[in-house]
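Take a look at the structure set out below.
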Amino acid sequence: MSPRLVRAADDAVGRRDTPLRITLDGEPLTGVAGQTVAGVLLGSGRTAWREGPSGAPRGVFCGIGACFDCLVTVNGVRDVRACRRRARDGDAVTTQSRAREDAR
Amino acid sequence: MTRHVVIAGAGPAGLGAAAGALRAGARVTLVDAAENPGGQYHRMLPDAYAAARPGRLQHGWRGFERLRGRVLGNPRCDWWPESTVWAIDRPDRGAPHVHVLRGEADAPERERHVLRPDALVLAPGAHDRALPFPGWELPGVCTAGAAQALAKGERLVIGDRVVIAGSGPFLLPVAATLLEAGSTVREVLEAGTAAALVRGWTRRPWELAAQAGKTAELAGYAGLLARHGVPYRTGRAVIEARGDGRVEEAVTARLRPDWSVVPGTERTVAVDALCVTHGFSPQLELPVAAGCELRDGAFVTVDGDQRTTVPAVYAAGEATGIAGAQAARTEGLLAGWIAGGGSAEARELDSLRRRRDRGRAFAARLAAAHPIGAAWPGWLRAGTIVCRCEETTYGALRRAAGDPAGNSAAAVRLATRAGLGPCQARVCGPAVAELLGGPAPHHRPIAQPIRLGELARPPIEDTATKESAR
Amino acid sequence: MTRVVVLGAGMVGAACARELALAGFEVAVVDRGGPAAATTAHGEGNVLVSDKPPGPELELALLSRRLWPRILAALPDARAVEWEPKGGIVVATTGGSADALRAFAASQRAAGVAAEDLDAAALAAAEPHLTRDCAAAVHYPGDAQVQPAGAATALLADAVRAGAVLRCGREVTGAVARGGRITGVRTAEGVVGGDAFVNAAGPWSGEVARRLGVRLAVRPRRGEVLVTAPQPPTVFHKVYDAGYVGAVGADSGDLRASAVVESTRAGTLLLGSSRRRVGFDARIRPEVLSVIAGRALRLFPSLARVPVMRAYGGFRPYVADHLPVIGADPRLDGLWHATGHEGAGIGLSAGTAAVLRDLMLGREPGIDTAPFRVDRPAVRSGGETG
């Protein structure tokens, strides 16, 4: 199994979901308005979306903006912490790789 | 002229400080990176969720709501959400200047502001400390704080078969949150041995009694684990994570009191998520930038009125010692009152100071009950990544540190790049410091990333604060 | 055998220790901290010929540039140095500075520097992200870059292989002198004796000299550098604006900043640099960082959205006449100085060490060292207070 949202119908906090759609490297994903980009990616079954210097996969580690493992490009702007950025309907998210980008 | 107090951080300590400063008659600018106050402890659901019962996930929700309402509703309080303090500048005289970026997280072209207050309260909070172990870089391994933030902050469950491991009382609320959200917690592992915990927690029991709320909260978690049949094991740790592209199993082992592994006690547990925490690292870059002295290189030095060693700079909350939300709020109230020009002789401070002192005693107890065992590097192999950003291995660090011609901490860091990546040693800093011997680096004059275009533009002066600074 | 004590385990001290140990001296290196921990760890690692006008410093730079490849070839493991002979490109962004840059480059060519004028097409091919608003550009294939702490520790390790010993964590507090000759330096851990002492303490060499009983007008000058988050390849040479030349030679204590932009192996971009005379005040000032960012964006406007993740500052050993100090101190027999390189000490360390070795052996150095002598007025008095 993968990370998932608590079903709204079962959620003790009594929330009302407004769906939103983003793309990850062009592929459409759905989430809920108010989620972070990381939350949308995780809830869509992605546990990794960045590559470290060796090309190894990375996803969320600290979840609160301290570790910079979850960096993504949002609407063409690089180096956005997915765990801190609210997803907006229509966001085009692309993955980043330290391995591909190594200057030499 | 009304005193102007800037408060960096709107968690329990920062909100408390705002309340204290407002009560003293000051004008407050409350700055936080999040959209809502509350910090990590009272992390709130997004407004878009339109939650009917947001308090369900929160301890002390009503008290928090009252405090939040009192602070944000006060006309002398200017609340700056989504605002990041990226630098603190020390002028030759007077309180530090606070440089702030306002706008969506990591967005380009945020507004650059500078605040020149009469006093500054630093309430930056803390994040999980996580010791390295083989495989900790695998996706699906995250801090307990990440699991907590995702579940409390947006109702996302990090996995369905979860092991929570590390040290400290934070293991329990995270287990409770995941259970509430419908996840299966396979086990909760506390690396400290039972004997060490008992020694730490039962010595001077009157200090615990004074923190009755906290102990009741912890006892509640223990009952919840029992009801769900989740084993809570002491003296056991996750010493390796394995998996192909993501975590699939955790290797656990019995530990001696110094956290060395008892050979032959290794077990593997199938997991789809592994949450780790080994205590908290206070975020010290702002206090260090303000020039504050540190205690043991780990916490901000404060006096009985939360004054740091820098005039007009106060600190509250986890930056001064890890004691939890209640203690942080009390420290904040005190810091804010004094920073706002309130009299240090005021009679109502007596009970505040007493509560603060009990909080400090509790923090000392926590530290004593959950020390990090010195033998943890025994979990590492030559190829184990220590610096996650730059993938610096334990072997590379050992080689560099073993060269007498290049073993200064600065030279080792530059040679191995340990701690020089995007997180700026926030994650690996304490571990690398222990391996090299020496203090963990907290010197980050750029406290949060700022884009070059934002930096190049002149800042917007907060005119009102400018007047009161002259 | 002559015992030489090198004071300072930074780049210049490491290079001197290595040359002297290889020449057969019995060398000890004393440092109050650890290897390469101060100025050396807080610079960009410049090995430049492009920024120097014809004259004694350029002669030393050209000698150093010839020596660096030989030093690297002699090291058992030169990788740690991270030698990058990437070349430098100097651009002028206004018509007036274009004429000055062309004239400057012509004078350097006459002095033996390889300097090629680039037309707009060649410049765009060499640096595709550079602003098109360039009035002139000159390519200096001789400019190079090292990882400065890696370079210093590699040379120090080579010195140790040649017999040098390291004594770190020892701060010099005074001299033991007899009959006008220094025979030892005092430290908290006892006296370190020797026949000759080399003051290579960088920005602190003025203070070390004072403790040894002589006046040396070497002062700290502060420089700051911005480090960006790792980026895809964007900048391929060491690129700077022609104003850098003016900043190096400038005399004012006020802020001087000109753009120097380059990439590192880790993918980060280094953006320099400021020069301020503020004593040993280590505060990093947001307004200084803002000026550096603005200058860098004039050269590379497309970097506007690149995040800065770190800023660091270092103290550079500054002398009023902008020339290094290399040679014997005529006031105290046995005391030598190798300091005052300001922001150029990484590159100039190679030539400095060779010159010092020749002087100590009584040999004729390959270049004229009279301009670097210790008893010149700028070093004796400083020419100004500061």
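FYI, nothing fancy with the structure tokens labels: chains A, B, ... in order, residues from 1 per chain, ligands from 1 as they appear.
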
Q) Which residues, written as a list in words, have at least one atom at most 9 Å from Pro301 of chain C, with only C-alpha atoms counted and residues fewer than 6 positions away on the same chain left out? A)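 Contacts, in chain order: Gly453 of chain B; His129, Leu130 and Thr131 of chain C.
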
Q | chain C contacts to chain B at 9 Å (only C-alpha atoms) as an NGL selection string | A | :C and (9 or 33-38 or 41 or 80 or 147-150 or 152-158 or 160 or 166 or 228-230 or 266 or 268 or 283-287 or 289-297 or 301 or 303-312)

Q: Figure out the distance between atom CA of Asp375 of chain C and atom CA of Pro330 of chain C, please, to one decimal in Å.
A: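 One can read the atom CA of Pro330 of chain C to atom CA of Asp375 of chain C distance as 7.2 Å.
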
Q | Residues within 10 Å of Val40 of chain A, only C-alpha atoms, excluding chain neighbours under 4 positions, as a list in words | A |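 These residues fall inside the cut-off: Arg4, Leu5, Leu20, Arg21, Ile22, Leu29, Thr30, Gly31, Val32, Ala33, Gly34, Gln35, Thr36, Ser44, Gly45, Arg46, Ala82, Cys83, Arg86 and Ala87 of chain A; Glu154 and Leu156 of chain B.
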
Any chance you can output those residues with N, CA and C atoms as a PDB file, in the first residue's frame?
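Generated file (result01.pdb):
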ATOM      1  N   ARG A   4      -1.976   7.625   1.638  1.00  0.00           N
ATOM      2  CA  ARG A   4      -3.334   7.924   1.144  1.00  0.00           C
ATOM      3  C   ARG A   4      -3.979   8.958   2.060  1.00  0.00           C
ATOM      4  N   LEU A   5      -4.972   9.645   1.516  1.00  0.00           N
ATOM      5  CA  LEU A   5      -5.783  10.558   2.318  1.00  0.00           C
ATOM      6  C   LEU A   5      -6.778   9.758   3.141  1.00  0.00           C
ATOM      7  N   LEU A  20      -8.763  19.041  -6.861  1.00  0.00           N
ATOM      8  CA  LEU A  20      -7.937  19.849  -7.760  1.00  0.00           C
ATOM      9  C   LEU A  20      -7.078  18.914  -8.590  1.00  0.00           C
ATOM     10  N   ARG A  21      -6.589  19.452  -9.718  1.00  0.00           N
ATOM     11  CA  ARG A  21      -5.752  18.645 -10.612  1.00  0.00           C
ATOM     12  C   ARG A  21      -4.439  19.364 -10.845  1.00  0.00           C
ATOM     13  N   ILE A  22      -3.372  18.593 -10.772  1.00  0.00           N
ATOM     14  CA  ILE A  22      -2.060  19.125 -11.145  1.00  0.00           C
ATOM     15  C   ILE A  22      -1.437  18.115 -12.109  1.00  0.00           C
ATOM     16  N   LEU A  29      -2.580  14.346 -12.104  1.00  0.00           N
ATOM     17  CA  LEU A  29      -2.805  13.770 -10.774  1.00  0.00           C
ATOM     18  C   LEU A  29      -3.936  14.568 -10.136  1.00  0.00           C
ATOM     19  N   THR A  30      -4.688  13.904  -9.257  1.00  0.00           N
ATOM     20  CA  THR A  30      -5.738  14.638  -8.554  1.00  0.00           C
ATOM     21  C   THR A  30      -5.424  14.717  -7.072  1.00  0.00           C
ATOM     22  N   GLY A  31      -5.871  15.777  -6.480  1.00  0.00           N
ATOM     23  CA  GLY A  31      -5.709  15.980  -5.044  1.00  0.00           C
ATOM     24  C   GLY A  31      -6.891  16.763  -4.525  1.00  0.00           C
ATOM     25  N   VAL A  32      -6.699  17.349  -3.351  1.00  0.00           N
ATOM     26  CA  VAL A  32      -7.771  18.080  -2.693  1.00  0.00           C
ATOM     27  C   VAL A  32      -7.266  19.487  -2.408  1.00  0.00           C
ATOM     28  N   ALA A  33      -8.096  20.486  -2.668  1.00  0.00           N
ATOM     29  CA  ALA A  33      -7.704  21.873  -2.405  1.00  0.00           C
ATOM     30  C   ALA A  33      -7.264  22.014  -0.951  1.00  0.00           C
ATOM     31  N   GLY A  34      -6.127  22.644  -0.739  1.00  0.00           N
ATOM     32  CA  GLY A  34      -5.580  22.805   0.597  1.00  0.00           C
ATOM     33  C   GLY A  34      -4.383  21.914   0.844  1.00  0.00           C
ATOM     34  N   GLN A  35      -4.248  20.862   0.037  1.00  0.00           N
ATOM     35  CA  GLN A  35      -3.095  19.968   0.213  1.00  0.00           C
ATOM     36  C   GLN A  35      -1.811  20.647  -0.238  1.00  0.00           C
ATOM     37  N   THR A  36      -0.696  20.197   0.325  1.00  0.00           N
ATOM     38  CA  THR A  36       0.587  20.621  -0.203  1.00  0.00           C
ATOM     39  C   THR A  36       0.871  19.834  -1.476  1.00  0.00           C
ATOM     40  N   SER A  44      -1.175  10.392  -4.497  1.00  0.00           N
ATOM     41  CA  SER A  44      -1.317   9.763  -5.806  1.00  0.00           C
ATOM     42  C   SER A  44      -0.402   8.562  -5.953  1.00  0.00           C
ATOM     43  N   GLY A  45       0.186   8.147  -4.849  1.00  0.00           N
ATOM     44  CA  GLY A  45       1.002   6.935  -4.900  1.00  0.00           C
ATOM     45  C   GLY A  45       2.462   7.167  -5.234  1.00  0.00           C
ATOM     46  N   ARG A  46       2.881   8.449  -5.310  1.00  0.00           N
ATOM     47  CA  ARG A  46       4.301   8.712  -5.563  1.00  0.00           C
ATOM     48  C   ARG A  46       5.005   8.826  -4.226  1.00  0.00           C
ATOM     49  N   ALA A  82       8.205  20.936  -1.792  1.00  0.00           N
ATOM     50  CA  ALA A  82       6.862  20.401  -2.045  1.00  0.00           C
ATOM     51  C   ALA A  82       6.059  20.292  -0.755  1.00  0.00           C
ATOM     52  N   CYS A  83       6.750  20.131   0.387  1.00  0.00           N
ATOM     53  CA  CYS A  83       6.029  19.959   1.652  1.00  0.00           C
ATOM     54  C   CYS A  83       5.511  21.282   2.185  1.00  0.00           C
ATOM     55  N   ARG A  86       1.444  25.011  -1.067  1.00  0.00           N
ATOM     56  CA  ARG A  86       0.074  24.563  -1.345  1.00  0.00           C
ATOM     57  C   ARG A  86      -0.069  24.298  -2.838  1.00  0.00           C
ATOM     58  N   ALA A  87      -0.670  23.178  -3.172  1.00  0.00           N
ATOM     59  CA  ALA A  87      -0.960  22.897  -4.581  1.00  0.00           C
ATOM     60  C   ALA A  87      -2.100  23.792  -5.028  1.00  0.00           C
TER      61      ALA A  87
ATOM     62  N   GLU B 154      -2.982  17.748   6.777  1.00  0.00           N
ATOM     63  CA  GLU B 154      -3.812  17.557   5.584  1.00  0.00           C
ATOM     64  C   GLU B 154      -4.449  16.177   5.511  1.00  0.00           C
ATOM     65  N   LEU B 156      -3.279  13.166   5.529  1.00  0.00           N
ATOM     66  CA  LEU B 156      -2.619  12.176   4.694  1.00  0.00           C
ATOM     67  C   LEU B 156      -1.886  11.174   5.581  1.00  0.00           C
TER      68      LEU B 156
END

Q.
Tell me as a list in words which residues belonging to chain A come within 12 Å of chain C, counting only C-alpha atoms.
A.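 Using only C-alpha atoms, chain A residues at most 12 Å from chain C: Gly52, Pro53, Ser54, Phe68, Leu71, Thr73, Gly76, Val77, Arg78, Asp79, Val80, Arg81, Gln96, Ser97, Arg98, Ala99, Arg100, Glu101, Asp102, Ala103 and Arg104 of chain A.
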
Find the residues of chain A in contact range of chain B, meaning any atom within 7 Å when counting only C-alpha atoms, and list them as an mmCIF file with N, CA and C atoms, in the first residue's frame.
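Now in part-v4.cif:
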data_model
loop_
_atom_site.group_PDB
_atom_site.id
_atom_site.type_symbol
_atom_site.label_atom_id
_atom_site.label_comp_id
_atom_site.auth_asym_id
_atom_site.auth_seq_id
_atom_site.Cartn_x
_atom_site.Cartn_y
_atom_site.Cartn_z
ATOM 1 N N MET A 1 0.829 -1.201 0.000
ATOM 2 C CA MET A 1 0.000 0.000 0.000
ATOM 3 C C MET A 1 0.865 1.253 0.000
ATOM 4 N N SER A 2 0.206 2.340 -0.246
ATOM 5 C CA SER A 2 0.914 3.614 -0.367
ATOM 6 C C SER A 2 0.285 4.630 0.561
ATOM 7 N N PRO A 3 0.936 5.767 0.674
ATOM 8 C CA PRO A 3 0.308 6.847 1.425
ATOM 9 C C PRO A 3 -1.061 7.172 0.822
ATOM 10 N N ARG A 4 -1.976 7.625 1.638
ATOM 11 C CA ARG A 4 -3.334 7.924 1.144
ATOM 12 C C ARG A 4 -3.979 8.958 2.060
ATOM 13 N N LEU A 5 -4.972 9.645 1.516
ATOM 14 C CA LEU A 5 -5.783 10.558 2.318
ATOM 15 C C LEU A 5 -6.778 9.758 3.141
ATOM 16 N N VAL A 6 -7.019 10.172 4.359
ATOM 17 C CA VAL A 6 -8.132 9.629 5.133
ATOM 18 C C VAL A 6 -9.405 9.941 4.343
ATOM 19 N N ALA A 12 -12.912 12.197 11.118
ATOM 20 C CA ALA A 12 -13.501 12.764 12.326
ATOM 21 C C ALA A 12 -13.554 14.287 12.296
ATOM 22 N N VAL A 13 -12.706 14.923 11.491
ATOM 23 C CA VAL A 13 -12.701 16.386 11.495
ATOM 24 C C VAL A 13 -13.842 16.957 10.654
ATOM 25 N N GLY A 14 -14.544 16.089 9.913
ATOM 26 C CA GLY A 14 -15.699 16.546 9.150
ATOM 27 C C GLY A 14 -15.335 17.528 8.064
ATOM 28 N N ARG A 15 -14.477 17.104 7.129
ATOM 29 C CA ARG A 15 -14.022 18.050 6.103
ATOM 30 C C ARG A 15 -14.846 17.901 4.823
ATOM 31 N N ARG A 16 -14.799 18.939 4.004
ATOM 32 C CA ARG A 16 -15.468 18.915 2.694
ATOM 33 C C ARG A 16 -14.394 19.103 1.638
ATOM 34 N N ASP A 17 -14.227 18.091 0.773
ATOM 35 C CA ASP A 17 -13.136 18.139 -0.198
ATOM 36 C C ASP A 17 -13.546 18.858 -1.482
ATOM 37 N N ALA A 33 -8.096 20.486 -2.668
ATOM 38 C CA ALA A 33 -7.704 21.873 -2.405
ATOM 39 C C ALA A 33 -7.264 22.014 -0.951
ATOM 40 N N GLY A 34 -6.127 22.644 -0.739
ATOM 41 C CA GLY A 34 -5.580 22.805 0.597
ATOM 42 C C GLY A 34 -4.383 21.914 0.844
ATOM 43 N N GLN A 35 -4.248 20.862 0.037
ATOM 44 C CA GLN A 35 -3.095 19.968 0.213
ATOM 45 C C GLN A 35 -1.811 20.647 -0.238
ATOM 46 N N GLY A 39 1.764 16.461 -0.488
ATOM 47 C CA GLY A 39 0.597 15.678 -0.127
ATOM 48 C C GLY A 39 -0.108 15.123 -1.356
ATOM 49 N N THR A 47 6.033 8.028 -4.003
ATOM 50 C CA THR A 47 6.799 8.220 -2.770
ATOM 51 C C THR A 47 8.123 8.912 -3.058
ATOM 52 N N ALA A 48 8.509 8.983 -4.331
ATOM 53 C CA ALA A 48 9.779 9.624 -4.685
ATOM 54 C C ALA A 48 9.582 10.463 -5.929
ATOM 55 N N PRO A 53 22.410 13.325 -5.859
ATOM 56 C CA PRO A 53 23.569 13.405 -6.757
ATOM 57 C C PRO A 53 23.892 12.076 -7.445
ATOM 58 N N PRO A 57 16.556 7.779 -5.655
ATOM 59 C CA PRO A 57 15.270 8.474 -5.508
ATOM 60 C C PRO A 57 15.099 9.088 -4.123
ATOM 61 N N ARG A 58 14.404 10.224 -4.082
ATOM 62 C CA ARG A 58 14.103 10.910 -2.821
ATOM 63 C C ARG A 58 12.671 11.419 -2.853
ATOM 64 N N GLY A 59 12.088 11.506 -1.652
ATOM 65 C CA GLY A 59 10.742 12.060 -1.539
ATOM 66 C C GLY A 59 10.668 12.974 -0.336
ATOM 67 N N VAL A 60 9.674 12.727 0.527
ATOM 68 C CA VAL A 60 9.523 13.540 1.735
ATOM 69 C C VAL A 60 10.361 12.937 2.846
ATOM 70 N N PHE A 61 11.113 13.754 3.559
ATOM 71 C CA PHE A 61 11.810 13.255 4.738
ATOM 72 C C PHE A 61 11.362 13.995 5.997
ATOM 73 N N CYS A 62 11.597 15.310 6.063
ATOM 74 C CA CYS A 62 11.250 16.017 7.309
ATOM 75 C C CYS A 62 9.814 16.535 7.309
ATOM 76 N N GLY A 63 9.261 16.788 6.138
ATOM 77 C CA GLY A 63 7.865 17.201 6.036
ATOM 78 C C GLY A 63 7.562 18.610 6.494
ATOM 79 N N ILE A 64 8.556 19.336 6.996
ATOM 80 C CA ILE A 64 8.257 20.688 7.491
ATOM 81 C C ILE A 64 9.258 21.724 6.979
ATOM 82 N N ALA A 66 12.645 21.600 6.443
ATOM 83 C CA ALA A 66 14.017 21.725 6.924
ATOM 84 C C ALA A 66 15.029 20.959 6.074
ATOM 85 N N CYS A 67 14.598 19.868 5.415
ATOM 86 C CA CYS A 67 15.599 18.968 4.807
ATOM 87 C C CYS A 67 15.815 19.195 3.321
ATOM 88 N N PHE A 68 14.933 19.850 2.634
ATOM 89 C CA PHE A 68 15.069 20.158 1.205
ATOM 90 C C PHE A 68 15.155 18.910 0.321
ATOM 91 N N VAL A 80 11.425 24.435 -5.238
ATOM 92 C CA VAL A 80 10.292 24.711 -4.359
ATOM 93 C C VAL A 80 10.112 23.509 -3.438
ATOM 94 N N ARG A 81 10.026 23.756 -2.136
ATOM 95 C CA ARG A 81 9.807 22.652 -1.193
ATOM 96 C C ARG A 81 8.356 22.174 -1.312
ATOM 97 N N ARG A 84 5.980 22.404 1.615
ATOM 98 C CA ARG A 84 5.550 23.698 2.140
ATOM 99 C C ARG A 84 4.653 24.457 1.182
ATOM 100 N N ARG A 85 4.641 24.047 -0.086
ATOM 101 C CA ARG A 85 3.864 24.780 -1.085
ATOM 102 C C ARG A 85 2.471 24.178 -1.211
#

(Q) What's around Val188 of chain B at 8 Å? Count only C-alpha atoms, leave out sequence neighbours fewer than 6 positions away in its own chain, and write the answer as a list of chain:residue names. (A)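 Returned residues: B:Val163, B:Ile164, B:Ala165, B:Leu171, B:Leu172, B:Ala175, B:Val230, B:Pro231, B:Tyr232, B:Arg233.
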
Q | C:Gly163, C:Gly243, C:Gly96, C:Gly112 ranked by distance to Ala21 of chain C, top pick (using only C-alpha atoms) | A |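 For Ala21 of chain C, the nearest of the given residues is C:Gly163.
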
Q: Can you pull out every residue within 12 Å of Ala217 of chain C, counting only C-alpha atoms, but drop anything in the same chain fewer than 6 positions away, and send it as a PyMOL selection string?
A: chain C and resi 202-210+317-325+337+339-340+374-386

Selection above as a file: C-alpha atoms, as a short mmCIF file (atom, residue, chain, number, x, y, z; two decimals), in the first residue's frame:
data_model
loop_
_atom_site.label_atom_id
_atom_site.label_comp_id
_atom_site.auth_asym_id
_atom_site.auth_seq_id
_atom_site.Cartn_x
_atom_site.Cartn_y
_atom_site.Cartn_z
CA GLY C 202 47.22 35.99 6.53
CA PRO C 203 44.98 38.73 7.90
CA TRP C 204 46.31 38.01 11.37
CA SER C 205 49.96 38.39 10.32
CA GLY C 206 49.96 42.03 11.45
CA GLU C 207 48.94 40.86 14.92
CA VAL C 208 51.43 37.98 14.90
CA ALA C 209 54.20 40.42 13.91
CA ARG C 210 53.18 42.71 16.75
CA PRO C 317 45.24 40.22 4.29
CA TYR C 318 45.32 43.73 2.95
CA VAL C 319 48.30 46.02 2.41
CA ALA C 320 47.82 49.66 1.43
CA ASP C 321 49.83 49.34 -1.80
CA HIS C 322 48.06 46.07 -2.77
CA LEU C 323 51.27 44.05 -3.03
CA PRO C 324 52.23 40.96 -1.06
CA VAL C 325 54.93 41.01 1.57
CA HIS C 337 57.06 37.17 6.10
CA THR C 339 51.58 37.48 3.57
CA GLY C 340 49.53 40.42 2.31
CA VAL C 374 59.27 44.08 4.08
CA ASP C 375 60.81 47.49 4.71
CA ARG C 376 58.81 49.38 2.07
CA PRO C 377 56.76 52.31 3.45
CA ALA C 378 53.32 50.74 2.88
CA VAL C 379 54.30 47.80 5.09
CA ARG C 380 56.20 49.75 7.73
CA SER C 381 53.53 52.38 8.33
CA GLY C 382 50.55 51.31 6.30
CA GLY C 383 50.34 54.78 4.78
CA GLU C 384 47.07 55.32 6.63
CA THR C 385 45.27 54.18 9.70
CA GLY C 386 42.71 51.56 9.52
#

With only C-alpha atoms as the counted atoms, please give the residues lying no more than 9 Å from segment 59-76 of chain C, apart from itself and same-chain residues fewer than 5 positions off, as a compact mmCIF listing (two decimals) with N, CA and C atoms, in the first residue's frame.
# COMPACT_ATOMS: atom_id res chain seq x y z
N VAL C 47 42.76 31.32 -8.99
CA VAL C 47 44.12 31.32 -9.52
C VAL C 47 44.03 32.19 -10.78
N LEU C 48 44.25 33.49 -10.61
CA LEU C 48 43.94 34.44 -11.69
C LEU C 48 45.18 35.16 -12.19
N VAL C 49 45.23 35.33 -13.52
CA VAL C 49 46.17 36.30 -14.08
C VAL C 49 45.41 37.49 -14.66
N LYS C 52 45.17 41.27 -13.02
CA LYS C 52 46.36 42.01 -12.56
C LYS C 52 46.98 42.82 -13.69
N PRO C 54 50.04 44.89 -15.61
CA PRO C 54 51.48 44.61 -15.68
C PRO C 54 52.19 45.18 -14.47
N VAL C 81 42.49 18.80 -4.80
CA VAL C 81 42.71 20.21 -5.12
C VAL C 81 41.57 20.75 -5.98
N TRP C 83 41.42 21.14 -9.20
CA TRP C 83 41.98 22.09 -10.17
C TRP C 83 41.07 22.18 -11.39
N ALA C 111 52.77 41.97 -21.58
CA ALA C 111 53.51 41.43 -20.44
C ALA C 111 53.50 39.90 -20.42
N GLY C 112 52.94 39.30 -21.47
CA GLY C 112 53.02 37.84 -21.58
C GLY C 112 51.76 37.10 -21.17
N VAL C 113 50.64 37.81 -20.97
CA VAL C 113 49.39 37.16 -20.59
C VAL C 113 48.63 36.77 -21.85
N GLY C 142 44.29 31.39 -19.11
CA GLY C 142 45.15 31.02 -17.99
C GLY C 142 44.47 31.03 -16.64
N ASP C 143 43.29 31.61 -16.54
CA ASP C 143 42.63 31.66 -15.23
C ASP C 143 42.16 30.26 -14.83
N ALA C 144 42.30 29.97 -13.56
CA ALA C 144 41.92 28.65 -13.05
C ALA C 144 41.29 28.80 -11.68
N ALA C 154 46.10 19.44 0.69
CA ALA C 154 46.90 18.53 -0.14
C ALA C 154 48.37 18.93 -0.10
N LEU C 155 48.63 20.24 -0.15
CA LEU C 155 50.03 20.69 -0.09
C LEU C 155 50.63 20.45 1.29
N ASP C 158 51.58 16.94 1.60
CA ASP C 158 52.82 16.68 0.87
C ASP C 158 54.02 17.18 1.68
N ALA C 344 44.11 37.23 -3.37
CA ALA C 344 44.80 36.47 -4.41
C ALA C 344 45.73 35.39 -3.84
N GLY C 347 45.95 31.64 -5.41
CA GLY C 347 46.72 31.53 -6.65
C GLY C 347 48.19 31.85 -6.44
N LEU C 348 48.47 32.94 -5.71
CA LEU C 348 49.85 33.42 -5.58
C LEU C 348 50.68 32.58 -4.62
N SER C 349 50.06 31.65 -3.90
CA SER C 349 50.82 30.88 -2.91
C SER C 349 51.95 30.10 -3.56
N ALA C 350 51.72 29.59 -4.77
CA ALA C 350 52.73 28.75 -5.41
C ALA C 350 54.01 29.56 -5.68
N GLY C 351 53.86 30.74 -6.29
CA GLY C 351 55.02 31.57 -6.59
C GLY C 351 55.65 32.11 -5.32
N THR C 352 54.80 32.49 -4.35
CA THR C 352 55.30 33.02 -3.09
C THR C 352 56.23 32.02 -2.41
N ALA C 354 57.91 29.56 -3.77
CA ALA C 354 59.14 29.36 -4.53
C ALA C 354 60.11 30.53 -4.30
N VAL C 355 59.55 31.73 -4.30
CA VAL C 355 60.38 32.92 -4.08
C VAL C 355 60.98 32.89 -2.68
N GLY C 366 63.36 33.75 -9.40
CA GLY C 366 63.07 33.91 -10.83
C GLY C 366 62.46 35.26 -11.18
N ILE C 367 61.96 35.98 -10.22
CA ILE C 367 61.37 37.30 -10.51
C ILE C 367 61.97 38.31 -9.55
N ASP C 368 61.76 39.59 -9.89
CA ASP C 368 62.26 40.68 -9.05
C ASP C 368 61.41 40.74 -7.77
N THR C 369 62.01 40.56 -6.63
CA THR C 369 61.24 40.53 -5.38
C THR C 369 61.34 41.84 -4.61

(Q) Run DSSP on the backbone and tell me which residues of segment 71-302 of chain C come out as helix (DSSP H, G or I); list them as a VMD selection string. (A) chain C and resid 71 to 74 78 to 81 95 to 110 120 to 126 148 to 161 202 to 212 243 to 249 286 to 299 301 to 302
